[in-house]
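Beneath this line is the structure, given in structure tokens, with notes to follow.
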Amino acid sequence: MQTGQESADDAGPRIWGGTTLTERREARRAALLEAALDLIGEAGASGVTMRAVCRRANLTDRYFYESFASRDELVDVLYRQVADEFLEPMTAFATDDRAHDRELSRILVDKVLADPRKSRLFLVEPYSSTGLGQSTIAVLPVFTRLMQDHLFADIEDPVRRRLAAVTMASGNAGMFSAWLNGSLPATRAQIIDHCTATIAVYRTLYRA
């Protein structure tokens with residue numbers, strides 16, 4: 001028979017203000033990430049500093065270091081999360097079925113327009129000196145692999161298939177970056193048409 005007072009572990013997680021310690025930590029981490037995203041939307045990744053993020057999230061630096069070892073780690077985590085959000089809707093439509101080309105293009109363009117903060121982080125900021133180089137190098141192959149193995153699956157030569165995927169991924173990244181920063185004054189419909197046509201062109205160019 002157990003005697004005495006139960007330990008905190010035995011009694012389960014301690015509750016304060018209706019939430020557990022883990023839930024509060026997760027909420028603070030989410031607030032820091034959201035604050036960083038707001039700052040990126042306003043001034044780019046160069047505006048993301050530990051102090052600026054804490055000020056925006058209304059948290060102290062103690063709570064910043066509870067979740068992130070540095071400002072660069074915060075930006076890296078945020079970048080990878082946003083990349084996953086872009087990858088998910090593309091996955092279902094990245095096939096060699098031409099009937100899906102326009103739908104894939106529409107999904108991608110609408111994802112770019114859905115949250116300008118995330119699109120700026122993912123598509124514009126890697127072109128500036130914000131420390132995102134290694135993050136981009138780690139993430140971009142996932143997108144090129146998706147194109148290589150599905151979008152251009154009917155290109156028999158593996159080298160040419162890889163060339164099509166890498167070239168299209170890089171070209172679209174530059175195109176979207178220019179569109180978002182205002183140097184490419186195109187409409188949504190024009191961008192969708194361009195993306196759809198580009199898929200068809202690369203299939204024809206590299207299949208030969």
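A note on labels: chains of the structure tokens are A, B, ... as shown, every chain counts residues from 1, and ligands are counted from 1 in their shown order.
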*So which bits of chain A end up strand (DSSP E) when you DSSP the backbone, as a ChimeraX atom specification?*
/A:15-16,19-20
Near A:Arg203, within 8 Å and counting only C-alpha atoms, which residues show up once chain neighbours fewer than 3 positions away are dropped, as a PDB file with N, CA, C and O atoms, in the first residue's frame?
ATOM      1  N   PHE A 152       8.382  15.035 -64.095  1.00  0.00           N
ATOM      2  CA  PHE A 152       9.116  14.717 -65.315  1.00  0.00           C
ATOM      3  C   PHE A 152       9.468  13.235 -65.392  1.00  0.00           C
ATOM      4  O   PHE A 152      10.493  12.855 -65.963  1.00  0.00           O
ATOM      5  N   ILE A 155      10.541  11.472 -68.749  1.00  0.00           N
ATOM      6  CA  ILE A 155      11.818  11.752 -69.411  1.00  0.00           C
ATOM      7  C   ILE A 155      12.761  10.600 -69.054  1.00  0.00           C
ATOM      8  O   ILE A 155      13.143  10.430 -67.895  1.00  0.00           O
ATOM      9  N   ALA A 164      16.001  19.035 -66.039  1.00  0.00           N
ATOM     10  CA  ALA A 164      14.689  19.682 -66.138  1.00  0.00           C
ATOM     11  C   ALA A 164      14.194  20.125 -64.767  1.00  0.00           C
ATOM     12  O   ALA A 164      13.706  21.249 -64.595  1.00  0.00           O
ATOM     13  N   ILE A 199       6.063  23.949 -67.586  1.00  0.00           N
ATOM     14  CA  ILE A 199       6.084  22.497 -67.375  1.00  0.00           C
ATOM     15  C   ILE A 199       6.082  21.773 -68.723  1.00  0.00           C
ATOM     16  O   ILE A 199       6.867  20.856 -68.962  1.00  0.00           O
ATOM     17  N   ALA A 200       5.180  22.204 -69.611  1.00  0.00           N
ATOM     18  CA  ALA A 200       5.069  21.566 -70.927  1.00  0.00           C
ATOM     19  C   ALA A 200       6.351  21.751 -71.742  1.00  0.00           C
ATOM     20  O   ALA A 200       6.819  20.820 -72.408  1.00  0.00           O
ATOM     21  N   TYR A 206      13.423  18.334 -72.783  1.00  0.00           N
ATOM     22  CA  TYR A 206      14.349  17.328 -72.234  1.00  0.00           C
ATOM     23  C   TYR A 206      13.993  15.899 -72.598  1.00  0.00           C
ATOM     24  O   TYR A 206      14.778  14.989 -72.357  1.00  0.00           O
ATOM     25  N   ARG A 207      12.808  15.700 -73.182  1.00  0.00           N
ATOM     26  CA  ARG A 207      12.453  14.342 -73.597  1.00  0.00           C
ATOM     27  C   ARG A 207      13.168  13.973 -74.888  1.00  0.00           C
ATOM     28  O   ARG A 207      13.460  12.799 -75.141  1.00  0.00           O
TER      29      ARG A 207
END
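Among the candidate residues A:Phe143, A:Val77, A:Leu163, A:Thr198, the one lying nearest to A:Met175 is A:Thr198, with distances computed using only C-alpha atoms.
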Out of stretch 2-206 of chain A, which residues get alpha helix (DSSP H) from DSSP, as a compact mmCIF listing (two decimals) with N, CA and C atoms, in the first residue's frame?
# COMPACT_ATOMS: atom_id res chain seq x y z
N ALA A 8 5.26 14.72 -7.67
CA ALA A 8 4.69 15.49 -8.77
C ALA A 8 4.58 14.65 -10.03
N ASP A 9 5.60 13.77 -10.25
CA ASP A 9 5.58 12.91 -11.43
C ASP A 9 4.42 11.94 -11.38
N ASP A 10 4.21 11.34 -10.19
CA ASP A 10 3.14 10.37 -10.03
C ASP A 10 1.78 11.02 -10.22
N ALA A 11 1.68 12.27 -9.82
CA ALA A 11 0.40 12.96 -9.89
C ALA A 11 0.10 13.48 -11.29
N LEU A 21 3.05 22.86 -18.09
CA LEU A 21 4.32 23.51 -18.40
C LEU A 21 4.69 23.30 -19.86
N THR A 22 4.48 22.09 -20.36
CA THR A 22 4.79 21.79 -21.76
C THR A 22 3.94 22.62 -22.70
N GLU A 23 2.67 22.76 -22.40
CA GLU A 23 1.78 23.57 -23.23
C GLU A 23 2.20 25.03 -23.23
N ARG A 24 2.64 25.53 -22.08
CA ARG A 24 3.07 26.93 -22.02
C ARG A 24 4.36 27.13 -22.82
N ARG A 25 5.27 26.18 -22.75
CA ARG A 25 6.50 26.27 -23.53
C ARG A 25 6.20 26.26 -25.02
N GLU A 26 5.29 25.38 -25.43
CA GLU A 26 4.93 25.30 -26.84
C GLU A 26 4.26 26.59 -27.31
N ALA A 27 3.44 27.18 -26.44
CA ALA A 27 2.78 28.44 -26.79
C ALA A 27 3.80 29.57 -26.94
N ARG A 28 4.81 29.59 -26.07
CA ARG A 28 5.84 30.62 -26.16
C ARG A 28 6.67 30.44 -27.44
N ARG A 29 6.98 29.20 -27.75
CA ARG A 29 7.74 28.92 -28.97
C ARG A 29 6.96 29.37 -30.21
N ALA A 30 5.67 29.05 -30.23
CA ALA A 30 4.83 29.45 -31.35
C ALA A 30 4.74 30.97 -31.46
N ALA A 31 4.68 31.65 -30.31
CA ALA A 31 4.61 33.11 -30.32
C ALA A 31 5.89 33.72 -30.86
N LEU A 32 7.03 33.13 -30.54
CA LEU A 32 8.31 33.62 -31.05
C LEU A 32 8.41 33.43 -32.56
N LEU A 33 7.96 32.28 -33.05
CA LEU A 33 7.99 32.02 -34.48
C LEU A 33 7.06 32.97 -35.23
N GLU A 34 5.90 33.20 -34.67
CA GLU A 34 4.94 34.11 -35.31
C GLU A 34 5.47 35.54 -35.31
N ALA A 35 6.13 35.93 -34.23
CA ALA A 35 6.72 37.26 -34.16
C ALA A 35 7.81 37.42 -35.21
N ALA A 36 8.64 36.40 -35.37
CA ALA A 36 9.70 36.44 -36.38
C ALA A 36 9.10 36.54 -37.78
N LEU A 37 8.01 35.83 -38.02
CA LEU A 37 7.36 35.87 -39.32
C LEU A 37 6.81 37.27 -39.61
N ASP A 38 6.23 37.90 -38.59
CA ASP A 38 5.74 39.27 -38.75
C ASP A 38 6.88 40.22 -39.12
N LEU A 39 8.00 40.08 -38.44
CA LEU A 39 9.15 40.95 -38.69
C LEU A 39 9.69 40.74 -40.10
N ILE A 40 9.71 39.50 -40.55
CA ILE A 40 10.15 39.20 -41.91
C ILE A 40 9.22 39.86 -42.92
N GLY A 41 7.93 39.80 -42.66
CA GLY A 41 6.96 40.41 -43.56
C GLY A 41 7.13 41.92 -43.64
N GLU A 42 7.60 42.53 -42.56
CA GLU A 42 7.74 43.98 -42.51
C GLU A 42 9.08 44.47 -43.06
N ALA A 43 10.15 43.76 -42.71
CA ALA A 43 11.49 44.28 -43.04
C ALA A 43 12.45 43.23 -43.56
N MET A 50 17.11 38.69 -31.82
CA MET A 50 16.54 38.14 -30.60
C MET A 50 15.71 39.18 -29.87
N ARG A 51 16.24 40.38 -29.74
CA ARG A 51 15.52 41.43 -29.00
C ARG A 51 14.23 41.84 -29.71
N ALA A 52 14.29 41.97 -31.04
CA ALA A 52 13.10 42.37 -31.78
C ALA A 52 12.01 41.31 -31.69
N VAL A 53 12.40 40.05 -31.78
CA VAL A 53 11.43 38.96 -31.68
C VAL A 53 10.80 38.93 -30.30
N CYS A 54 11.62 39.06 -29.26
CA CYS A 54 11.09 39.03 -27.89
C CYS A 54 10.15 40.21 -27.64
N ARG A 55 10.53 41.36 -28.15
CA ARG A 55 9.70 42.54 -27.98
C ARG A 55 8.34 42.35 -28.66
N ARG A 56 8.37 41.82 -29.89
CA ARG A 56 7.12 41.59 -30.63
C ARG A 56 6.25 40.53 -29.96
N ALA A 57 6.89 39.50 -29.41
CA ALA A 57 6.15 38.41 -28.76
C ALA A 57 5.81 38.72 -27.31
N ASP A 61 14.18 37.48 -23.01
CA ASP A 61 15.18 36.66 -23.69
C ASP A 61 15.33 35.30 -23.03
N ARG A 62 14.99 35.19 -21.77
CA ARG A 62 15.03 33.88 -21.09
C ARG A 62 14.14 32.89 -21.83
N TYR A 63 12.98 33.33 -22.26
CA TYR A 63 12.07 32.43 -22.95
C TYR A 63 12.51 32.18 -24.40
N PHE A 64 13.24 33.14 -24.97
CA PHE A 64 13.78 32.91 -26.30
C PHE A 64 14.74 31.73 -26.26
N TYR A 65 15.67 31.77 -25.32
CA TYR A 65 16.70 30.71 -25.24
C TYR A 65 16.13 29.40 -24.69
N GLU A 66 14.93 29.44 -24.18
CA GLU A 66 14.25 28.21 -23.79
C GLU A 66 13.93 27.38 -25.03
N SER A 67 13.70 28.06 -26.16
CA SER A 67 13.29 27.37 -27.39
C SER A 67 14.36 27.34 -28.47
N ARG A 71 19.47 33.27 -32.91
CA ARG A 71 18.58 33.87 -33.91
C ARG A 71 18.60 33.04 -35.19
N ASP A 72 19.75 32.56 -35.59
CA ASP A 72 19.86 31.77 -36.82
C ASP A 72 19.07 30.47 -36.72
N GLU A 73 19.07 29.86 -35.55
CA GLU A 73 18.29 28.63 -35.38
C GLU A 73 16.81 28.92 -35.52
N LEU A 74 16.35 30.02 -34.95
CA LEU A 74 14.95 30.41 -35.07
C LEU A 74 14.56 30.57 -36.54
N VAL A 75 15.36 31.31 -37.30
CA VAL A 75 15.06 31.55 -38.71
C VAL A 75 15.10 30.24 -39.50
N ASP A 76 16.05 29.37 -39.18
CA ASP A 76 16.15 28.09 -39.86
C ASP A 76 14.91 27.23 -39.61
N VAL A 77 14.47 27.16 -38.36
CA VAL A 77 13.27 26.39 -38.02
C VAL A 77 12.07 26.94 -38.76
N LEU A 78 11.94 28.25 -38.76
CA LEU A 78 10.81 28.89 -39.43
C LEU A 78 10.84 28.63 -40.93
N TYR A 79 12.01 28.73 -41.53
CA TYR A 79 12.15 28.51 -42.97
C TYR A 79 11.72 27.07 -43.34
N ARG A 80 12.17 26.11 -42.56
CA ARG A 80 11.84 24.72 -42.86
C ARG A 80 10.36 24.44 -42.67
N GLN A 81 9.74 25.08 -41.68
CA GLN A 81 8.29 24.92 -41.50
C GLN A 81 7.53 25.45 -42.70
N VAL A 82 7.93 26.63 -43.16
CA VAL A 82 7.26 27.23 -44.31
C VAL A 82 7.49 26.39 -45.56
N ALA A 83 8.70 25.86 -45.73
CA ALA A 83 8.99 24.99 -46.88
C ALA A 83 8.07 23.77 -46.89
N ASP A 84 7.85 23.19 -45.72
CA ASP A 84 6.94 22.04 -45.62
C ASP A 84 5.53 22.42 -46.04
N GLU A 85 5.11 23.63 -45.69
CA GLU A 85 3.77 24.09 -46.05
C GLU A 85 3.63 24.26 -47.56
N PHE A 86 4.70 24.66 -48.23
CA PHE A 86 4.67 24.78 -49.68
C PHE A 86 4.71 23.40 -50.33
N LEU A 87 5.45 22.48 -49.75
CA LEU A 87 5.62 21.16 -50.35
C LEU A 87 4.34 20.34 -50.30
N GLU A 88 3.62 20.43 -49.20
CA GLU A 88 2.47 19.55 -48.98
C GLU A 88 1.41 19.65 -50.08
N PRO A 89 0.92 20.85 -50.44
CA PRO A 89 -0.12 20.88 -51.47
C PRO A 89 0.38 20.52 -52.87
N MET A 90 1.70 20.65 -53.10
CA MET A 90 2.25 20.32 -54.41
C MET A 90 2.34 18.82 -54.63
N THR A 91 2.51 18.08 -53.55
CA THR A 91 2.80 16.65 -53.66
C THR A 91 1.74 15.88 -54.43
N ASP A 101 -1.36 19.76 -64.78
CA ASP A 101 -0.36 20.84 -64.82
C ASP A 101 -0.94 22.18 -64.37
N ARG A 102 -2.11 22.54 -64.90
CA ARG A 102 -2.68 23.84 -64.55
C ARG A 102 -3.12 23.86 -63.08
N GLU A 103 -3.64 22.75 -62.60
CA GLU A 103 -4.06 22.71 -61.20
C GLU A 103 -2.86 22.85 -60.27
N LEU A 104 -1.77 22.18 -60.61
CA LEU A 104 -0.54 22.32 -59.83
C LEU A 104 -0.06 23.77 -59.85
N SER A 105 -0.09 24.39 -61.00
CA SER A 105 0.34 25.79 -61.13
C SER A 105 -0.55 26.71 -60.30
N ARG A 106 -1.86 26.47 -60.36
CA ARG A 106 -2.79 27.29 -59.59
C ARG A 106 -2.57 27.15 -58.09
N ILE A 107 -2.36 25.91 -57.65
CA ILE A 107 -2.12 25.66 -56.23
C ILE A 107 -0.86 26.38 -55.76
N LEU A 108 0.18 26.29 -56.56
CA LEU A 108 1.45 26.93 -56.20
C LEU A 108 1.31 28.45 -56.14
N VAL A 109 0.67 29.04 -57.14
CA VAL A 109 0.51 30.49 -57.16
C VAL A 109 -0.37 30.96 -56.01
N ASP A 110 -1.45 30.26 -55.74
CA ASP A 110 -2.33 30.66 -54.64
C ASP A 110 -1.65 30.50 -53.28
N LYS A 111 -0.76 29.50 -53.18
CA LYS A 111 0.01 29.34 -51.95
C LYS A 111 0.94 30.52 -51.75
N VAL A 112 1.53 30.99 -52.84
CA VAL A 112 2.42 32.15 -52.77
C VAL A 112 1.65 33.39 -52.31
N LEU A 113 0.41 33.52 -52.78
CA LEU A 113 -0.40 34.70 -52.45
C LEU A 113 -1.04 34.61 -51.07
N ALA A 114 -1.17 33.40 -50.52
CA ALA A 114 -1.93 33.20 -49.29
C ALA A 114 -1.36 33.96 -48.10
N PRO A 116 1.84 36.59 -47.56
CA PRO A 116 3.03 37.28 -48.08
C PRO A 116 4.26 37.14 -47.18
N ARG A 117 4.06 37.00 -45.88
CA ARG A 117 5.19 36.85 -44.96
C ARG A 117 5.93 35.55 -45.26
N LYS A 118 5.19 34.47 -45.40
CA LYS A 118 5.80 33.17 -45.64
C LYS A 118 6.44 33.11 -47.03
N SER A 119 5.77 33.70 -48.01
CA SER A 119 6.31 33.70 -49.36
C SER A 119 7.59 34.52 -49.43
N GLY A 133 21.40 30.52 -46.46
CA GLY A 133 22.03 29.71 -47.49
C GLY A 133 22.00 28.23 -47.21
N GLN A 134 22.41 27.81 -46.04
CA GLN A 134 22.44 26.39 -45.70
C GLN A 134 21.05 25.80 -45.61
N SER A 135 20.10 26.58 -45.12
CA SER A 135 18.72 26.10 -45.05
C SER A 135 18.18 25.83 -46.45
N THR A 136 18.45 26.76 -47.38
CA THR A 136 17.99 26.60 -48.75
C THR A 136 18.64 25.39 -49.41
N ILE A 137 19.93 25.22 -49.20
CA ILE A 137 20.66 24.08 -49.76
C ILE A 137 20.06 22.77 -49.26
N ALA A 138 19.61 22.75 -48.01
CA ALA A 138 19.05 21.53 -47.44
C ALA A 138 17.63 21.26 -47.94
N VAL A 139 16.87 22.31 -48.22
CA VAL A 139 15.45 22.15 -48.55
C VAL A 139 15.21 22.01 -50.05
N LEU A 140 15.91 22.77 -50.87
CA LEU A 140 15.64 22.78 -52.31
C LEU A 140 15.67 21.40 -52.96
N PRO A 141 16.61 20.49 -52.59
CA PRO A 141 16.60 19.17 -53.22
C PRO A 141 15.30 18.39 -53.04
N VAL A 142 14.56 18.66 -51.98
CA VAL A 142 13.29 17.97 -51.78
C VAL A 142 12.31 18.35 -52.88
N PHE A 143 12.31 19.63 -53.25
CA PHE A 143 11.41 20.09 -54.30
C PHE A 143 11.87 19.61 -55.67
N THR A 144 13.16 19.65 -55.93
CA THR A 144 13.65 19.17 -57.22
C THR A 144 13.43 17.67 -57.37
N ARG A 145 13.55 16.93 -56.27
CA ARG A 145 13.29 15.49 -56.32
C ARG A 145 11.82 15.21 -56.64
N LEU A 146 10.93 16.01 -56.09
CA LEU A 146 9.50 15.87 -56.38
C LEU A 146 9.24 16.06 -57.86
N PRO A 158 18.02 9.89 -67.05
CA PRO A 158 18.02 10.44 -65.69
C PRO A 158 18.75 11.78 -65.56
N VAL A 159 19.77 11.98 -66.37
CA VAL A 159 20.49 13.25 -66.32
C VAL A 159 19.62 14.38 -66.85
N ARG A 160 18.96 14.12 -67.98
CA ARG A 160 18.08 15.14 -68.55
C ARG A 160 16.87 15.39 -67.65
N ARG A 161 16.40 14.35 -67.01
CA ARG A 161 15.28 14.50 -66.07
C ARG A 161 15.69 15.38 -64.89
N ARG A 162 16.91 15.16 -64.42
CA ARG A 162 17.44 15.98 -63.32
C ARG A 162 17.66 17.42 -63.76
N LEU A 163 18.17 17.60 -64.97
CA LEU A 163 18.36 18.95 -65.51
C LEU A 163 17.04 19.71 -65.58
N ALA A 164 16.00 19.04 -66.04
CA ALA A 164 14.69 19.68 -66.14
C ALA A 164 14.19 20.12 -64.77
N ALA A 165 14.33 19.26 -63.77
CA ALA A 165 13.84 19.56 -62.44
C ALA A 165 14.60 20.70 -61.78
N VAL A 166 15.94 20.62 -61.83
CA VAL A 166 16.76 21.64 -61.18
C VAL A 166 16.58 23.00 -61.85
N THR A 167 16.56 23.00 -63.17
CA THR A 167 16.43 24.26 -63.90
C THR A 167 15.07 24.90 -63.67
N MET A 168 14.02 24.08 -63.67
CA MET A 168 12.69 24.64 -63.45
C MET A 168 12.53 25.15 -62.02
N ALA A 169 13.03 24.40 -61.06
CA ALA A 169 12.91 24.83 -59.66
C ALA A 169 13.64 26.15 -59.44
N SER A 170 14.84 26.27 -59.97
CA SER A 170 15.62 27.49 -59.79
C SER A 170 14.98 28.67 -60.53
N GLY A 171 14.51 28.40 -61.75
CA GLY A 171 13.89 29.45 -62.53
C GLY A 171 12.62 29.97 -61.90
N ASN A 172 11.79 29.07 -61.40
CA ASN A 172 10.54 29.49 -60.75
C ASN A 172 10.80 30.25 -59.47
N ALA A 173 11.83 29.85 -58.73
CA ALA A 173 12.17 30.57 -57.50
C ALA A 173 12.54 32.02 -57.82
N GLY A 174 13.33 32.20 -58.87
CA GLY A 174 13.70 33.56 -59.27
C GLY A 174 12.50 34.34 -59.78
N MET A 175 11.63 33.68 -60.53
CA MET A 175 10.45 34.35 -61.06
C MET A 175 9.52 34.81 -59.94
N PHE A 176 9.26 33.91 -58.98
CA PHE A 176 8.39 34.28 -57.87
C PHE A 176 9.01 35.38 -57.01
N SER A 177 10.32 35.32 -56.84
CA SER A 177 11.00 36.36 -56.07
C SER A 177 10.80 37.73 -56.72
N ALA A 178 10.96 37.79 -58.04
CA ALA A 178 10.77 39.05 -58.76
C ALA A 178 9.32 39.50 -58.69
N TRP A 179 8.40 38.56 -58.77
CA TRP A 179 6.96 38.89 -58.70
C TRP A 179 6.62 39.48 -57.33
N LEU A 180 7.14 38.86 -56.29
CA LEU A 180 6.82 39.31 -54.93
C LEU A 180 7.46 40.65 -54.59
N ARG A 188 -2.00 37.38 -61.51
CA ARG A 188 -2.09 35.99 -61.05
C ARG A 188 -2.31 35.06 -62.24
N ALA A 189 -3.23 35.41 -63.13
CA ALA A 189 -3.53 34.57 -64.29
C ALA A 189 -2.30 34.39 -65.18
N GLN A 190 -1.54 35.46 -65.36
CA GLN A 190 -0.34 35.37 -66.19
C GLN A 190 0.71 34.45 -65.57
N ILE A 191 0.84 34.50 -64.26
CA ILE A 191 1.81 33.63 -63.59
C ILE A 191 1.38 32.17 -63.70
N ILE A 192 0.08 31.92 -63.54
CA ILE A 192 -0.42 30.54 -63.67
C ILE A 192 -0.19 30.03 -65.09
N ASP A 193 -0.49 30.87 -66.08
CA ASP A 193 -0.26 30.49 -67.48
C ASP A 193 1.22 30.18 -67.72
N HIS A 194 2.09 31.03 -67.16
CA HIS A 194 3.54 30.83 -67.34
C HIS A 194 3.99 29.51 -66.74
N CYS A 195 3.57 29.23 -65.52
CA CYS A 195 3.98 27.99 -64.85
C CYS A 195 3.49 26.77 -65.62
N THR A 196 2.24 26.83 -66.09
CA THR A 196 1.68 25.71 -66.85
C THR A 196 2.46 25.49 -68.14
N ALA A 197 2.74 26.58 -68.84
CA ALA A 197 3.48 26.47 -70.10
C ALA A 197 4.90 25.99 -69.88
N THR A 198 5.52 26.43 -68.78
CA THR A 198 6.89 26.04 -68.50
C THR A 198 7.02 24.54 -68.29
N ILE A 199 6.06 23.95 -67.59
CA ILE A 199 6.08 22.50 -67.38
C ILE A 199 6.08 21.77 -68.72
N ALA A 200 5.18 22.20 -69.61
CA ALA A 200 5.07 21.57 -70.93
C ALA A 200 6.35 21.75 -71.74
N VAL A 201 6.93 22.93 -71.69
CA VAL A 201 8.16 23.22 -72.44
C VAL A 201 9.31 22.34 -71.97
N TYR A 202 9.47 22.23 -70.65
CA TYR A 202 10.57 21.41 -70.13
C TYR A 202 10.37 19.94 -70.46
N ARG A 203 9.13 19.46 -70.43
CA ARG A 203 8.88 18.06 -70.80
C ARG A 203 9.32 17.82 -72.24
N THR A 204 8.97 18.73 -73.14
CA THR A 204 9.30 18.56 -74.55
C THR A 204 10.79 18.73 -74.79
N LEU A 205 11.38 19.73 -74.16
CA LEU A 205 12.80 20.06 -74.37
C LEU A 205 13.70 18.91 -73.94
N TYR A 206 13.42 18.33 -72.78
CA TYR A 206 14.35 17.33 -72.23
C TYR A 206 13.99 15.90 -72.60
